[in-house]
Amino acid sequence: MTIASDLEQIEAANASGKPPVVFVHGLWLLPSSWQRWAEVFAAAGYAPVLPGWPDDPDTVEEANAHPEVFAGKSVGQVADHFASLVAKLDRKPAVIGHSFGGLITQITAGRGLSAVSVAIDPAPFRGVLPLPISALRVASAVIGNPANYHRAVPLTYDQFRYGFANAVSEEEARELYATFAVPASGEPLFQAATANFNPWTEAKVDTGNPSRGPLLIISGEKDHTVPWSIANASYKQQKDNPGVTEIVEIPGRGHSLTIDSGWHAVAGTALEFVKRFS
């Protein structure tokens with residue numbers, strides 16, 4: 001599915017006069033993974049913006065044909081890219097991100113650029129200490145080989161099944177893999193894995209900024225990639241902020257909760273939180 005360019009979407013959002021909502025995808029997905037969410041938020045009166053990471057291809061087919069375009073994208077580069085796009089909006093947006101997009105969402109909020117934020121199964125940042133076995137197993141697909149730091153790394157179906165689609169049927173898992181999965185930059189996973197040992201890491205969040213705004217963290221009960229212990233540790237880092245900070249667990253959902261058959265309930269949870277503050 002091809003969507004309008006980032007700048008075209010921003011111009012349309014500004015022209016609409018509606019409150020903007022920026023969606024941030026994570027590793028192994030593209031902006032088109034948010035298309036159904038965008039329709040829900042548009043129907044609720046918001047102006048959705050679905051930017052890509054730098055150099056994102058337009059389609060899954062193109063992404064799988066040219067995986068090299070994903071290589072070498074760091075957390076800092078992606079965070080700065082989204083900050084520059086958000087700055088082009090006429091008003092502070094709601095920002096909703098999944099996985100590493102959830103980390104980028106929290107970085108953006110920590111810079112005071114968001115009106116309200118929702119981080120869904122967010123990747124960990126400096127200060128988030130738990131390292132569950134399931135999360136290490138997922139990350140090992142990339143960080144098990146140091147050469148992957150500079151590479152684009154696809155997931156095999158079995159890796160996707162364990163890391164994303166463990167809470168759905170085999171038939172749905174295969175459909176999700178064929179429909180959504182693309183290669184991803186290896187660098188962010190190495191950055192997250194070493195964040196607590198590197199004082200200069202880019203995988204860090206200013207959790208104390210009083211301009212952060214309200215933040216909701218959503219955790220999928222059965223997530224192998226970002227289990228509750230990681231999501232809750234992120235919440236504990238954020239909860240002393242003067243802004244509203246909440247966390248909710250979605251029963252029965254894995255890391256594919258934004259794209260699988262249960263996506264609508266997750267989108268509704270995010271929408272209700274955003275509506276409270278925009």
# chains A, B, ... in the order shown; residues from 1 in each chain; ligands from 1
>>> closest_atom_pairs(of="region 216-241 of chain A", to="region 91-106 of chain A", cutoff="12 Å", atoms="only C-alpha atoms", output="Markdown table")
| residue | atom | partner | partner_atom | distance |
| --- | --- | --- | --- | --- |
| A:Leu216 | CA | A:Ile96 | CA | 9.4 |
| A:Ile217 | CA | A:Gly102 | CA | 8.5 |
| A:Ile218 | CA | A:His98 | CA | 9.2 |
| A:Ser219 | CA | A:Ser99 | CA | 10.1 |
| A:Gly220 | CA | A:Ser99 | CA | 11.1 |
| A:Asp223 | CA | A:Ser99 | CA | 10.7 |
| A:His224 | CA | A:Ser99 | CA | 11.6 |
| A:Thr225 | CA | A:Ser99 | CA | 8.5 |
| A:Val226 | CA | A:Ser99 | CA | 7.5 |
| A:Pro227 | CA | A:Ser99 | CA | 11.0 |
| A:Ile230 | CA | A:Ser99 | CA | 11.2 |
| A:Ala231 | CA | A:Ser99 | CA | 10.1 |
| A:Ser234 | CA | A:Leu103 | CA | 9.6 |
| A:Tyr235 | CA | A:Gln106 | CA | 10.8 |
| A:Gln237 | CA | A:Gln106 | CA | 11.2 |
| A:Gln238 | CA | A:Gln106 | CA | 9.3 |
>>> select_by_dssp(residues="region 219-263 of chain A", states="strand (DSSP E)", output="PyMOL selection string")
chain A and resi 219-220+245-250
>>> write_last_selection(atoms="N, CA, C and O atoms", output="CSV table (one decimal), in the first residue's frame")
chain,number,residue,atom,x,y,z
A,219,SER,N,0.9,-2.3,27.0
A,219,SER,CA,1.6,-3.6,27.0
A,219,SER,C,0.8,-4.7,26.5
A,219,SER,O,-0.4,-4.9,27.1
A,220,GLY,N,1.2,-5.6,25.6
A,220,GLY,CA,0.5,-6.8,25.3
A,220,GLY,C,0.8,-7.9,26.2
A,220,GLY,O,2.0,-8.2,26.5
A,245,THR,N,0.8,10.0,33.6
A,245,THR,CA,1.5,8.8,33.1
A,245,THR,C,0.7,7.6,33.5
A,245,THR,O,0.4,7.3,34.7
A,246,GLU,N,0.3,6.8,32.5
A,246,GLU,CA,-0.5,5.6,32.8
A,246,GLU,C,0.0,4.4,32.0
A,246,GLU,O,0.7,4.6,31.0
A,247,ILE,N,-0.3,3.2,32.5
A,247,ILE,CA,0.0,2.0,31.8
A,247,ILE,C,-1.2,1.1,31.8
A,247,ILE,O,-1.9,1.0,32.8
A,248,VAL,N,-1.3,0.3,30.7
A,248,VAL,CA,-2.4,-0.6,30.6
A,248,VAL,C,-1.9,-1.9,29.9
A,248,VAL,O,-1.1,-1.8,29.0
A,249,GLU,N,-2.4,-3.0,30.3
A,249,GLU,CA,-2.1,-4.3,29.7
A,249,GLU,C,-3.3,-4.8,28.9
A,249,GLU,O,-4.4,-4.8,29.4
A,250,ILE,N,-3.0,-5.1,27.6
A,250,ILE,CA,-4.1,-5.6,26.7
A,250,ILE,C,-4.0,-7.2,26.8
A,250,ILE,O,-3.1,-7.8,26.4
>>> select_by_dssp(residues="region 24-180 of chain A", states="alpha helix (DSSP H)", output="PyMOL selection string")
chain A and resi 35-43+60-65+75-86+100-110+133-143+157-163+170-180
>>> atom_distance(atom1="CA of Leu89 (chain A)", atom2="CA of Asn14 (chain A)")
6.2 Å
>>> residues_around(residues="region 63-66 of chain A", least_positions_apart="6", cutoff="8 Å", atoms="only C-alpha atoms", output="VMD selection string")
chain A and resid 56 to 57 182 to 183
>>> write_last_selection(atoms="C-alpha atoms", output="PDB file, in the first residue's frame")
ATOM      1  CA  ASP A  56      11.688   3.824   3.944  1.00  0.00           C
ATOM      2  CA  PRO A  57      10.395   2.263   0.706  1.00  0.00           C
ATOM      3  CA  VAL A 182      10.211  -6.136   5.993  1.00  0.00           C
ATOM      4  CA  PRO A 183      13.936  -6.003   6.844  1.00  0.00           C
TER       5      PRO A 183
END
>>> closest_residue(among="A:Val69, A:Leu27, A:Ala147, A:Ile10", to="Ala87 (chain A)", atoms="only C-alpha atoms")
A:Ile10
>>> residues_around(residues="Glu202 (chain A)", least_positions_apart="2", cutoff="8 Å", atoms="only C-alpha atoms", output="PyMOL selection string")
chain A and resi 75-76+191+195+200+204
